[in-house]
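Peer 1: Here you go, this is target.tsv (TSV, C-alpha atoms).
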chain	number	residue	atom	x	y	z
A	687	ALA	CA	0.00	0.00	0.00
A	688	GLY	CA	3.02	2.26	-0.25
A	689	VAL	CA	3.83	2.27	3.46
A	690	GLY	CA	7.54	2.28	4.18
A	691	ARG	CA	9.66	2.28	7.31
A	692	GLN	CA	9.62	6.08	7.46
A	693	THR	CA	5.87	6.45	6.84
A	694	ARG	CA	3.97	8.01	9.75
A	695	ILE	CA	0.58	6.40	10.27
A	696	HIS	CA	-2.38	8.11	11.93
A	697	ALA	CA	-4.93	5.66	13.29
A	698	VAL	CA	-8.35	6.73	14.61
A	699	GLY	CA	-10.66	4.41	16.51
A	700	ASP	CA	-13.43	4.17	19.05
A	701	GLY	CA	-11.11	3.45	21.96
A	702	ALA	CA	-11.58	-0.30	22.10
A	703	PRO	CA	-8.42	-1.58	23.81
A	704	TRP	CA	-7.90	-4.30	21.21
A	705	ILE	CA	-7.69	-1.67	18.44
A	706	ALA	CA	-5.08	0.39	20.26
A	707	ASP	CA	-3.16	-2.83	21.04
A	708	GLN	CA	-3.32	-3.90	17.40
A	709	VAL	CA	-2.01	-0.51	16.21
A	710	ASP	CA	0.80	-0.67	18.75
A	711	ARG	CA	1.66	-4.31	18.03
A	712	THR	CA	1.65	-4.05	14.24
A	713	LEU	CA	2.86	-0.49	13.68
A	714	GLY	CA	4.78	0.38	16.86
A	715	THR	CA	6.32	3.83	17.04
A	716	GLN	CA	5.51	4.41	13.37
A	717	ALA	CA	1.88	5.09	14.29
A	718	THR	CA	-0.14	7.29	16.57
A	719	TYR	CA	-3.59	6.30	17.78
A	720	LEU	CA	-6.32	8.87	18.36
A	721	ILE	CA	-9.69	8.29	20.00
A	722	ASP	CA	-12.50	9.20	17.61
A	723	LEU	CA	-13.86	12.49	18.97
A	724	TYR	CA	-17.42	11.51	18.00
A	725	HIS	CA	-17.23	8.34	20.13
A	726	LEU	CA	-15.75	10.29	23.03
A	727	CYS	CA	-18.57	12.82	22.73
A	728	ASP	CA	-21.11	10.01	23.23
A	729	TYR	CA	-19.68	9.59	26.73
A	730	LEU	CA	-19.44	13.35	27.28
A	731	ALA	CA	-23.04	13.92	26.18
A	732	ALA	CA	-24.32	11.30	28.62
A	733	ALA	CA	-22.26	12.88	31.41
A	734	ALA	CA	-23.42	16.39	30.42
A	735	ALA	CA	-27.00	15.47	31.27
A	736	VAL	CA	-25.86	15.00	34.88
A	737	VAL	CA	-23.05	17.54	35.20
A	738	ALA	CA	-24.62	20.44	33.33
A	739	ALA	CA	-28.36	19.87	33.71
A	740	PRO	CA	-29.47	23.42	32.84
A	741	ASP	CA	-27.57	23.54	29.52
A	742	PRO	CA	-25.84	20.26	28.63
A	743	ALA	CA	-25.38	21.28	24.98
A	744	ALA	CA	-23.32	24.36	25.89
A	745	TRP	CA	-21.26	22.34	28.39
A	746	LEU	CA	-20.59	19.67	25.76
A	747	ALA	CA	-19.58	22.26	23.14
A	748	GLU	CA	-17.15	23.84	25.61
A	749	LYS	CA	-15.60	20.49	26.54
A	750	LYS	CA	-15.17	19.58	22.86
A	751	THR	CA	-13.29	22.86	22.40
A	752	TRP	CA	-11.12	22.00	25.40
A	753	LEU	CA	-10.38	18.54	24.01
A	754	LYS	CA	-9.35	20.02	20.65
A	755	ALA	CA	-6.86	22.17	22.60
A	756	ASN	CA	-5.57	19.08	24.49
A	757	ARG	CA	-7.12	20.29	27.73
A	758	TRP	CA	-8.41	16.80	28.56
A	759	SER	CA	-7.09	16.98	32.13
A	760	GLU	CA	-9.41	19.95	32.73
A	761	VAL	CA	-12.31	17.96	31.33
A	762	LEU	CA	-11.48	15.21	33.83
A	763	ASP	CA	-11.37	17.81	36.62
A	764	THR	CA	-14.88	19.03	35.77
A	765	LEU	CA	-16.23	15.46	35.85
A	766	ARG	CA	-14.73	14.34	39.19
A	767	PRO	CA	-17.04	16.31	41.55
A	768	SER	CA	-20.11	14.74	39.91
A	769	VAL	CA	-19.00	11.10	39.80
A	770	GLU	CA	-21.77	8.83	41.03
A	771	SER	CA	-21.24	6.85	44.22
A	772	ASP	CA	-20.03	3.25	44.07
A	773	GLU	CA	-23.52	2.09	45.05
A	774	VAL	CA	-24.87	3.30	41.71
A	775	ALA	CA	-24.72	0.59	39.03
A	776	ASP	CA	-22.37	1.26	36.11
A	777	GLU	CA	-25.33	1.36	33.70
A	778	ALA	CA	-26.79	4.28	35.67
A	779	ALA	CA	-23.50	6.17	36.14
A	780	PRO	CA	-22.71	8.15	32.96
A	781	VAL	CA	-20.25	10.51	34.66
A	782	ARG	CA	-18.25	7.61	36.08
A	783	ALA	CA	-18.29	5.89	32.68
A	784	CYS	CA	-17.06	9.05	30.96
A	785	LEU	CA	-14.35	9.64	33.57
A	786	ARG	CA	-13.17	6.03	33.24
A	787	TYR	CA	-13.24	6.17	29.42
A	788	LEU	CA	-11.18	9.37	29.33
A	789	SER	CA	-8.80	8.39	32.14
A	790	ASN	CA	-7.95	5.09	30.47
A	791	ARG	CA	-7.13	6.72	27.12
A	792	THR	CA	-5.18	9.89	27.91
A	793	GLY	CA	-2.33	8.81	25.63
A	794	SER	CA	-4.69	8.86	22.65
A	795	LEU	CA	-6.20	12.34	22.95
A	796	ASP	CA	-3.83	14.56	20.93
A	797	TYR	CA	-6.55	16.32	18.96
A	798	GLN	CA	-4.53	19.52	18.80
A	799	GLY	CA	-1.63	17.72	17.12
A	800	ALA	CA	-3.91	15.94	14.66
A	801	LEU	CA	-5.69	19.16	13.73
A	802	ALA	CA	-2.38	20.99	13.31
A	803	ALA	CA	-1.23	18.23	10.93
A	804	GLU	CA	-4.58	18.40	9.10
A	805	LEU	CA	-5.38	14.81	10.09
A	806	PRO	CA	-8.87	13.54	10.89
A	807	ILE	CA	-10.07	13.45	14.48
A	808	GLY	CA	-13.05	11.24	13.70
A	809	SER	CA	-13.49	7.90	11.98
A	810	GLY	CA	-16.85	8.63	10.34
A	811	GLU	CA	-15.44	8.89	6.82
A	812	ILE	CA	-13.70	5.55	7.13
A	813	GLU	CA	-16.62	3.87	8.87
A	814	SER	CA	-18.99	4.98	6.13
A	815	ALA	CA	-16.61	3.92	3.35
A	816	HIS	CA	-18.09	0.44	3.39
A	817	ARG	CA	-21.20	1.86	1.72
A	818	TYR	CA	-19.49	3.31	-1.33
A	819	ILE	CA	-16.47	1.04	-1.57
A	820	MET	CA	-17.82	-2.39	-0.70
A	821	GLN	CA	-21.57	-2.45	-0.63
A	822	HIS	CA	-22.03	-0.39	-3.79
A	823	ARG	CA	-20.44	-3.13	-5.87
A	824	LEU	CA	-20.95	-6.24	-3.81
A	825	LYS	CA	-24.63	-5.83	-2.97
A	826	ARG	CA	-25.93	-5.15	-6.47
A	827	ALA	CA	-29.05	-6.99	-7.44
A	828	GLY	CA	-28.11	-10.34	-8.92
A	829	ALA	CA	-24.50	-10.12	-7.77
A	830	TRP	CA	-22.97	-13.01	-5.90
A	831	TRP	CA	-19.43	-13.82	-4.85
A	832	THR	CA	-17.44	-16.81	-3.76
A	833	THR	CA	-15.20	-16.42	-0.74
A	834	ASP	CA	-12.13	-16.59	-2.97
A	835	ASN	CA	-13.33	-13.83	-5.30
A	836	LEU	CA	-14.74	-11.53	-2.61
A	837	GLY	CA	-11.32	-10.51	-1.29
A	838	LYS	CA	-10.03	-9.85	-4.79
A	839	MET	CA	-13.04	-7.69	-5.65
A	840	LEU	CA	-12.66	-5.71	-2.42
A	841	ALA	CA	-8.96	-5.14	-3.18
A	842	LEU	CA	-9.85	-3.73	-6.60
A	843	ARG	CA	-12.53	-1.46	-5.10
A	844	VAL	CA	-10.02	-0.13	-2.57
A	845	LEU	CA	-7.51	0.51	-5.36
A	846	ARG	CA	-10.08	2.55	-7.22
A	847	ALA	CA	-11.16	4.50	-4.12
A	848	ASN	CA	-7.52	5.34	-3.35
A	849	HIS	CA	-6.91	6.56	-6.92
A	850	GLU	CA	-4.38	3.77	-7.48
A	851	TRP	CA	-6.29	2.04	-10.31
A	852	ASP	CA	-4.12	3.20	-13.21
A	853	ALA	CA	-0.85	2.64	-11.35
A	854	TYR	CA	-1.92	-0.90	-10.41
A	855	TRP	CA	-2.77	-1.85	-13.98
A	856	ALA	CA	0.45	-0.27	-15.25
A	857	ARG	CA	2.40	-2.53	-12.86
A	858	VAL	CA	0.38	-5.57	-13.97
A	859	ASN	CA	1.03	-4.80	-17.64
A	860	GLN	CA	4.73	-4.18	-16.97
A	861	GLN	CA	5.09	-7.52	-15.15
A	862	ALA	CA	3.24	-9.34	-17.96
A	863	ALA	CA	5.52	-7.88	-20.64
Turn this file's structure into structure tokens for me.
Peer 2:
Amino acid sequence: AGVGRQTRIHAVGDGAPWIADQVDRTLGTQATYLIDLYHLCDYLAAAAAVVAAPDPAAWLAEKKTWLKANRWSEVLDTLRPSVESDEVADEAAPVRACLRYLSNRTGSLDYQGALAAELPIGSGEIESAHRYIMQHRLKRAGAWWTTDNLGKMLALRVLRANHEWDAYWARVNQQAA
């Protein structure tokens, strides 16, 4: 895919530990991992309903601004006074869930750095790519695929989406000659 030993890789995910582990294991210091801001805001929005009852939308907007400026420690500080007691079940403790989510992922919150490098801070574009890269071709009426051919078709679709179509076929033709 054109990735070399000097290539810097920017990975964005929902914060699932296995994803961060996979990025670290397979890419090491060549990659950075950023928590998808949209996923983080799901936790913040749930906490906002408790922490900022009169105007949770304004509180959430302010905290998003803070996160984009790498002020995540201040976001944690605003959550701590409102953390639910241990007697409250996890399912009914959105502030505790948000505090835990953020606290466990502080090494993956460099939104300021990503924005400065003009890198994405959300995974929505990638997550929706399945619709126009895969499903558009593979779910056509009357289309069917064997397991062997499915991977090959997906590889070709990805080539086209990444504007590598002509270069790929030039290499194929050169190797055939």
Peer 1: Just give me the gap between CA of Pro742 (chain A) and CA of Tyr787 (chain A) in Å, one decimal is fine.
Peer 2: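 CA of Tyr787 (chain A) lies 18.9 Å from CA of Pro742 (chain A).
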Peer 1: Report as a list in words all protein, DNA and RNA residues lying within 10 Å of Gln716 (chain A), evaluated on all atoms listed in the file, omitting residues in the same chain fewer than 5 positions from it.
Peer 2: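 The residues satisfying every condition are Gly690, Arg691, Gln692, Thr693, Arg694, Ile695, His696, Val709 and Asp710 of chain A.
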Peer 1: Would you save the residues from that selection as a PDB file, in the frame of the given file, using C-alpha atoms?
Peer 2:
ATOM      1  CA  GLY A 690       7.540   2.280   4.180  1.00  0.00           C
ATOM      2  CA  ARG A 691       9.660   2.280   7.310  1.00  0.00           C
ATOM      3  CA  GLN A 692       9.620   6.080   7.460  1.00  0.00           C
ATOM      4  CA  THR A 693       5.870   6.450   6.840  1.00  0.00           C
ATOM      5  CA  ARG A 694       3.970   8.010   9.750  1.00  0.00           C
ATOM      6  CA  ILE A 695       0.580   6.400  10.270  1.00  0.00           C
ATOM      7  CA  HIS A 696      -2.380   8.110  11.930  1.00  0.00           C
ATOM      8  CA  VAL A 709      -2.010  -0.510  16.210  1.00  0.00           C
ATOM      9  CA  ASP A 710       0.800  -0.670  18.750  1.00  0.00           C
TER      10      ASP A 710
END
Peer 1: Counting only C-alpha atoms, which residues have an atom no more than 12 Å from (-21.2, 6.8, 41.2) in the file's coordinates? Please list them as a PDB file with C-alpha atoms, in the frame of the given file.
Peer 2:
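For reference, part-v4.pdb as written:
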ATOM      1  CA  ALA A 733     -22.260  12.880  31.410  1.00  0.00           C
ATOM      2  CA  VAL A 736     -25.860  15.000  34.880  1.00  0.00           C
ATOM      3  CA  LEU A 765     -16.230  15.460  35.850  1.00  0.00           C
ATOM      4  CA  ARG A 766     -14.730  14.340  39.190  1.00  0.00           C
ATOM      5  CA  PRO A 767     -17.040  16.310  41.550  1.00  0.00           C
ATOM      6  CA  SER A 768     -20.110  14.740  39.910  1.00  0.00           C
ATOM      7  CA  VAL A 769     -19.000  11.100  39.800  1.00  0.00           C
ATOM      8  CA  GLU A 770     -21.770   8.830  41.030  1.00  0.00           C
ATOM      9  CA  SER A 771     -21.240   6.850  44.220  1.00  0.00           C
ATOM     10  CA  ASP A 772     -20.030   3.250  44.070  1.00  0.00           C
ATOM     11  CA  GLU A 773     -23.520   2.090  45.050  1.00  0.00           C
ATOM     12  CA  VAL A 774     -24.870   3.300  41.710  1.00  0.00           C
ATOM     13  CA  ALA A 775     -24.720   0.590  39.030  1.00  0.00           C
ATOM     14  CA  ASP A 776     -22.370   1.260  36.110  1.00  0.00           C
ATOM     15  CA  GLU A 777     -25.330   1.360  33.700  1.00  0.00           C
ATOM     16  CA  ALA A 778     -26.790   4.280  35.670  1.00  0.00           C
ATOM     17  CA  ALA A 779     -23.500   6.170  36.140  1.00  0.00           C
ATOM     18  CA  PRO A 780     -22.710   8.150  32.960  1.00  0.00           C
ATOM     19  CA  VAL A 781     -20.250  10.510  34.660  1.00  0.00           C
ATOM     20  CA  ARG A 782     -18.250   7.610  36.080  1.00  0.00           C
ATOM     21  CA  ALA A 783     -18.290   5.890  32.680  1.00  0.00           C
ATOM     22  CA  CYS A 784     -17.060   9.050  30.960  1.00  0.00           C
ATOM     23  CA  LEU A 785     -14.350   9.640  33.570  1.00  0.00           C
ATOM     24  CA  ARG A 786     -13.170   6.030  33.240  1.00  0.00           C
TER      25      ARG A 786
END
Peer 1: Figure out the distance between CA of Ala802 (chain A) and CA of Val698 (chain A), please, to one decimal in Å.
Peer 2: 15.5 Å
Peer 1: I need the residue nearest Gly837 (chain A) from this list: A:Val737, A:Tyr719, A:Leu824, A:Asn790. Use only C-alpha atoms for the distance.
Peer 2: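 Of A:Val737, A:Tyr719, A:Leu824, A:Asn790, the one nearest Gly837 (chain A), counting only C-alpha atoms, is A:Leu824.
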Peer 1: What's the separation between CA of Ala732 (chain A) and CA of Val761 (chain A), in Å to one decimal place?
Peer 2: 14.0 Å
Peer 1: From the set A:Trp855, A:Asp707, A:Thr751, A:Thr718, which residue has the shortest atom-to-atom contact distance to Gly793 (chain A), counting only C-alpha atoms?
Peer 2: A:Thr718
Peer 1: For Ser789 (chain A), which residue out of A:Leu762, A:Ala803, A:Ala863, A:Ala847 is the nearest one, using all atoms listed in the file?
Peer 2: A:Leu762
Peer 1: Restricting the calculation to all atoms listed in the file: of A:Ala743, A:Asp722, A:Asp728, A:Asp796, which residue gets closest to Arg757 (chain A)?
Peer 2: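 Checking each of A:Ala743, A:Asp722, A:Asp728, A:Asp796 against Arg757 (chain A), counting all atoms listed in the file, the winner is A:Asp796.
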Peer 1: Let me make sure I understand: among A:Ala853, A:Leu746, A:Val689, A:Ala717, which one has the smallest atom-to-atom distance to Ser794 (chain A) if we use only C-alpha atoms?
Peer 2: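 Looking at the shortest contact to Ser794 (chain A), the residue is A:Ala717.
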Peer 1: Taking the structure I provided as the source, export region 735-783 of chain A with N, CA and C atoms, as an mmCIF file, in the first residue's frame.
Peer 2:
data_model
loop_
_atom_site.group_PDB
_atom_site.id
_atom_site.type_symbol
_atom_site.label_atom_id
_atom_site.label_comp_id
_atom_site.auth_asym_id
_atom_site.auth_seq_id
_atom_site.Cartn_x
_atom_site.Cartn_y
_atom_site.Cartn_z
ATOM 1 N N ALA A 735 -25.628 15.464 30.744
ATOM 2 C CA ALA A 735 -27.001 15.472 31.267
ATOM 3 C C ALA A 735 -27.012 15.513 32.787
ATOM 4 N N VAL A 736 -25.962 14.994 33.420
ATOM 5 C CA VAL A 736 -25.856 14.999 34.882
ATOM 6 C C VAL A 736 -25.081 16.214 35.368
ATOM 7 N N VAL A 737 -23.961 16.480 34.743
ATOM 8 C CA VAL A 737 -23.045 17.537 35.200
ATOM 9 C C VAL A 737 -23.576 18.934 34.910
ATOM 10 N N ALA A 738 -24.204 19.102 33.773
ATOM 11 C CA ALA A 738 -24.621 20.441 33.328
ATOM 12 C C ALA A 738 -26.105 20.450 32.990
ATOM 13 N N ALA A 739 -26.921 20.028 33.939
ATOM 14 C CA ALA A 739 -28.363 19.869 33.710
ATOM 15 C C ALA A 739 -29.047 21.086 33.082
ATOM 16 N N PRO A 740 -28.734 22.323 33.477
ATOM 17 C CA PRO A 740 -29.472 23.422 32.842
ATOM 18 C C PRO A 740 -29.179 23.571 31.350
ATOM 19 N N ASP A 741 -27.919 23.360 30.938
ATOM 20 C CA ASP A 741 -27.572 23.540 29.524
ATOM 21 C C ASP A 741 -26.489 22.546 29.109
ATOM 22 N N PRO A 742 -26.850 21.270 28.981
ATOM 23 C CA PRO A 742 -25.839 20.261 28.633
ATOM 24 C C PRO A 742 -25.213 20.488 27.263
ATOM 25 N N ALA A 743 -25.931 21.057 26.319
ATOM 26 C CA ALA A 743 -25.382 21.280 24.976
ATOM 27 C C ALA A 743 -24.230 22.278 25.023
ATOM 28 N N ALA A 744 -24.388 23.358 25.775
ATOM 29 C CA ALA A 744 -23.320 24.360 25.889
ATOM 30 C C ALA A 744 -22.110 23.765 26.607
ATOM 31 N N TRP A 745 -22.347 22.987 27.658
ATOM 32 C CA TRP A 745 -21.260 22.337 28.388
ATOM 33 C C TRP A 745 -20.492 21.401 27.461
ATOM 34 N N LEU A 746 -21.213 20.610 26.691
ATOM 35 C CA LEU A 746 -20.590 19.669 25.764
ATOM 36 C C LEU A 746 -19.773 20.410 24.706
ATOM 37 N N ALA A 747 -20.310 21.481 24.155
ATOM 38 C CA ALA A 747 -19.581 22.262 23.145
ATOM 39 C C ALA A 747 -18.283 22.822 23.732
ATOM 40 N N GLU A 748 -18.351 23.309 24.960
ATOM 41 C CA GLU A 748 -17.152 23.842 25.609
ATOM 42 C C GLU A 748 -16.113 22.744 25.820
ATOM 43 N N LYS A 749 -16.547 21.584 26.272
ATOM 44 C CA LYS A 749 -15.601 20.489 26.536
ATOM 45 C C LYS A 749 -14.986 19.960 25.238
ATOM 46 N N LYS A 750 -15.742 19.970 24.155
ATOM 47 C CA LYS A 750 -15.172 19.582 22.861
ATOM 48 C C LYS A 750 -14.072 20.563 22.461
ATOM 49 N N THR A 751 -14.306 21.838 22.692
ATOM 50 C CA THR A 751 -13.288 22.855 22.400
ATOM 51 C C THR A 751 -12.046 22.612 23.247
ATOM 52 N N TRP A 752 -12.251 22.304 24.516
ATOM 53 C CA TRP A 752 -11.122 22.005 25.404
ATOM 54 C C TRP A 752 -10.345 20.795 24.897
ATOM 55 N N LEU A 753 -11.055 19.745 24.500
ATOM 56 C CA LEU A 753 -10.385 18.544 24.010
ATOM 57 C C LEU A 753 -9.559 18.846 22.766
ATOM 58 N N LYS A 754 -10.092 19.665 21.879
ATOM 59 C CA LYS A 754 -9.354 20.021 20.652
ATOM 60 C C LYS A 754 -8.100 20.834 20.966
ATOM 61 N N ALA A 755 -8.033 21.418 22.155
ATOM 62 C CA ALA A 755 -6.857 22.166 22.600
ATOM 63 C C ALA A 755 -6.017 21.327 23.574
ATOM 64 N N ASN A 756 -6.285 20.021 23.613
ATOM 65 C CA ASN A 756 -5.575 19.078 24.491
ATOM 66 C C ASN A 756 -5.717 19.420 25.973
ATOM 67 N N ARG A 757 -6.853 19.960 26.333
ATOM 68 C CA ARG A 757 -7.122 20.291 27.725
ATOM 69 C C ARG A 757 -7.956 19.182 28.377
ATOM 70 N N TRP A 758 -7.632 17.933 28.059
ATOM 71 C CA TRP A 758 -8.409 16.800 28.557
ATOM 72 C C TRP A 758 -8.321 16.668 30.075
ATOM 73 N N SER A 759 -7.204 17.083 30.669
ATOM 74 C CA SER A 759 -7.093 16.983 32.133
ATOM 75 C C SER A 759 -8.104 17.907 32.807
ATOM 76 N N GLU A 760 -8.396 19.044 32.185
ATOM 77 C CA GLU A 760 -9.409 19.953 32.731
ATOM 78 C C GLU A 760 -10.808 19.369 32.578
ATOM 79 N N VAL A 761 -11.023 18.642 31.498
ATOM 80 C CA VAL A 761 -12.313 17.958 31.325
ATOM 81 C C VAL A 761 -12.482 16.936 32.443
ATOM 82 N N LEU A 762 -11.430 16.182 32.727
ATOM 83 C CA LEU A 762 -11.485 15.214 33.827
ATOM 84 C C LEU A 762 -11.787 15.914 35.150
ATOM 85 N N ASP A 763 -11.147 17.056 35.381
ATOM 86 C CA ASP A 763 -11.370 17.808 36.624
ATOM 87 C C ASP A 763 -12.818 18.246 36.778
ATOM 88 N N THR A 764 -13.479 18.597 35.666
ATOM 89 C CA THR A 764 -14.879 19.028 35.772
ATOM 90 C C THR A 764 -15.819 17.848 36.013
ATOM 91 N N LEU A 765 -15.390 16.652 35.645
ATOM 92 C CA LEU A 765 -16.226 15.461 35.852
ATOM 93 C C LEU A 765 -16.137 14.929 37.281
ATOM 94 N N ARG A 766 -14.976 14.989 37.883
ATOM 95 C CA ARG A 766 -14.726 14.342 39.188
ATOM 96 C C ARG A 766 -15.724 14.717 40.283
ATOM 97 N N PRO A 767 -16.096 15.992 40.459
ATOM 98 C CA PRO A 767 -17.036 16.311 41.546
ATOM 99 C C PRO A 767 -18.426 15.686 41.371
ATOM 100 N N SER A 768 -18.768 15.273 40.165
ATOM 101 C CA SER A 768 -20.107 14.741 39.909
ATOM 102 C C SER A 768 -20.145 13.230 39.722
ATOM 103 N N VAL A 769 -19.038 12.551 39.982
ATOM 104 C CA VAL A 769 -19.003 11.097 39.799
ATOM 105 C C VAL A 769 -19.983 10.438 40.763
ATOM 106 N N GLU A 770 -20.768 9.539 40.241
ATOM 107 C CA GLU A 770 -21.768 8.830 41.026
ATOM 108 C C GLU A 770 -21.091 7.940 42.082
ATOM 109 N N SER A 771 -21.792 7.689 43.155
ATOM 110 C CA SER A 771 -21.243 6.850 44.223
ATOM 111 C C SER A 771 -21.096 5.409 43.734
ATOM 112 N N ASP A 772 -20.275 4.654 44.442
ATOM 113 C CA ASP A 772 -20.030 3.253 44.072
ATOM 114 C C ASP A 772 -21.293 2.407 44.156
ATOM 115 N N GLU A 773 -22.270 2.841 44.926
ATOM 116 C CA GLU A 773 -23.517 2.087 45.054
ATOM 117 C C GLU A 773 -24.360 2.142 43.779
ATOM 118 N N VAL A 774 -24.126 3.157 42.959
ATOM 119 C CA VAL A 774 -24.875 3.301 41.710
ATOM 120 C C VAL A 774 -24.289 2.329 40.679
ATOM 121 N N ALA A 775 -25.164 1.553 40.044
ATOM 122 C CA ALA A 775 -24.723 0.590 39.035
ATOM 123 C C ALA A 775 -24.056 1.311 37.865
ATOM 124 N N ASP A 776 -23.096 0.654 37.247
ATOM 125 C CA ASP A 776 -22.374 1.261 36.113
ATOM 126 C C ASP A 776 -23.319 1.745 35.024
ATOM 127 N N GLU A 777 -24.381 0.993 34.758
ATOM 128 C CA GLU A 777 -25.333 1.360 33.700
ATOM 129 C C GLU A 777 -26.042 2.679 33.996
ATOM 130 N N ALA A 778 -26.101 3.054 35.268
ATOM 131 C CA ALA A 778 -26.788 4.283 35.668
ATOM 132 C C ALA A 778 -25.794 5.367 36.101
ATOM 133 N N ALA A 779 -24.541 5.236 35.699
ATOM 134 C CA ALA A 779 -23.504 6.171 36.136
ATOM 135 C C ALA A 779 -22.748 6.738 34.932
ATOM 136 N N PRO A 780 -23.374 7.635 34.164
ATOM 137 C CA PRO A 780 -22.710 8.153 32.963
ATOM 138 C C PRO A 780 -21.469 8.999 33.239
ATOM 139 N N VAL A 781 -21.425 9.683 34.358
ATOM 140 C CA VAL A 781 -20.248 10.506 34.661
ATOM 141 C C VAL A 781 -19.066 9.589 34.970
ATOM 142 N N ARG A 782 -19.306 8.562 35.774
ATOM 143 C CA ARG A 782 -18.249 7.607 36.085
ATOM 144 C C ARG A 782 -17.754 6.912 34.815
ATOM 145 N N ALA A 783 -18.671 6.544 33.941
ATOM 146 C CA ALA A 783 -18.295 5.888 32.681
ATOM 147 C C ALA A 783 -17.431 6.820 31.828
#
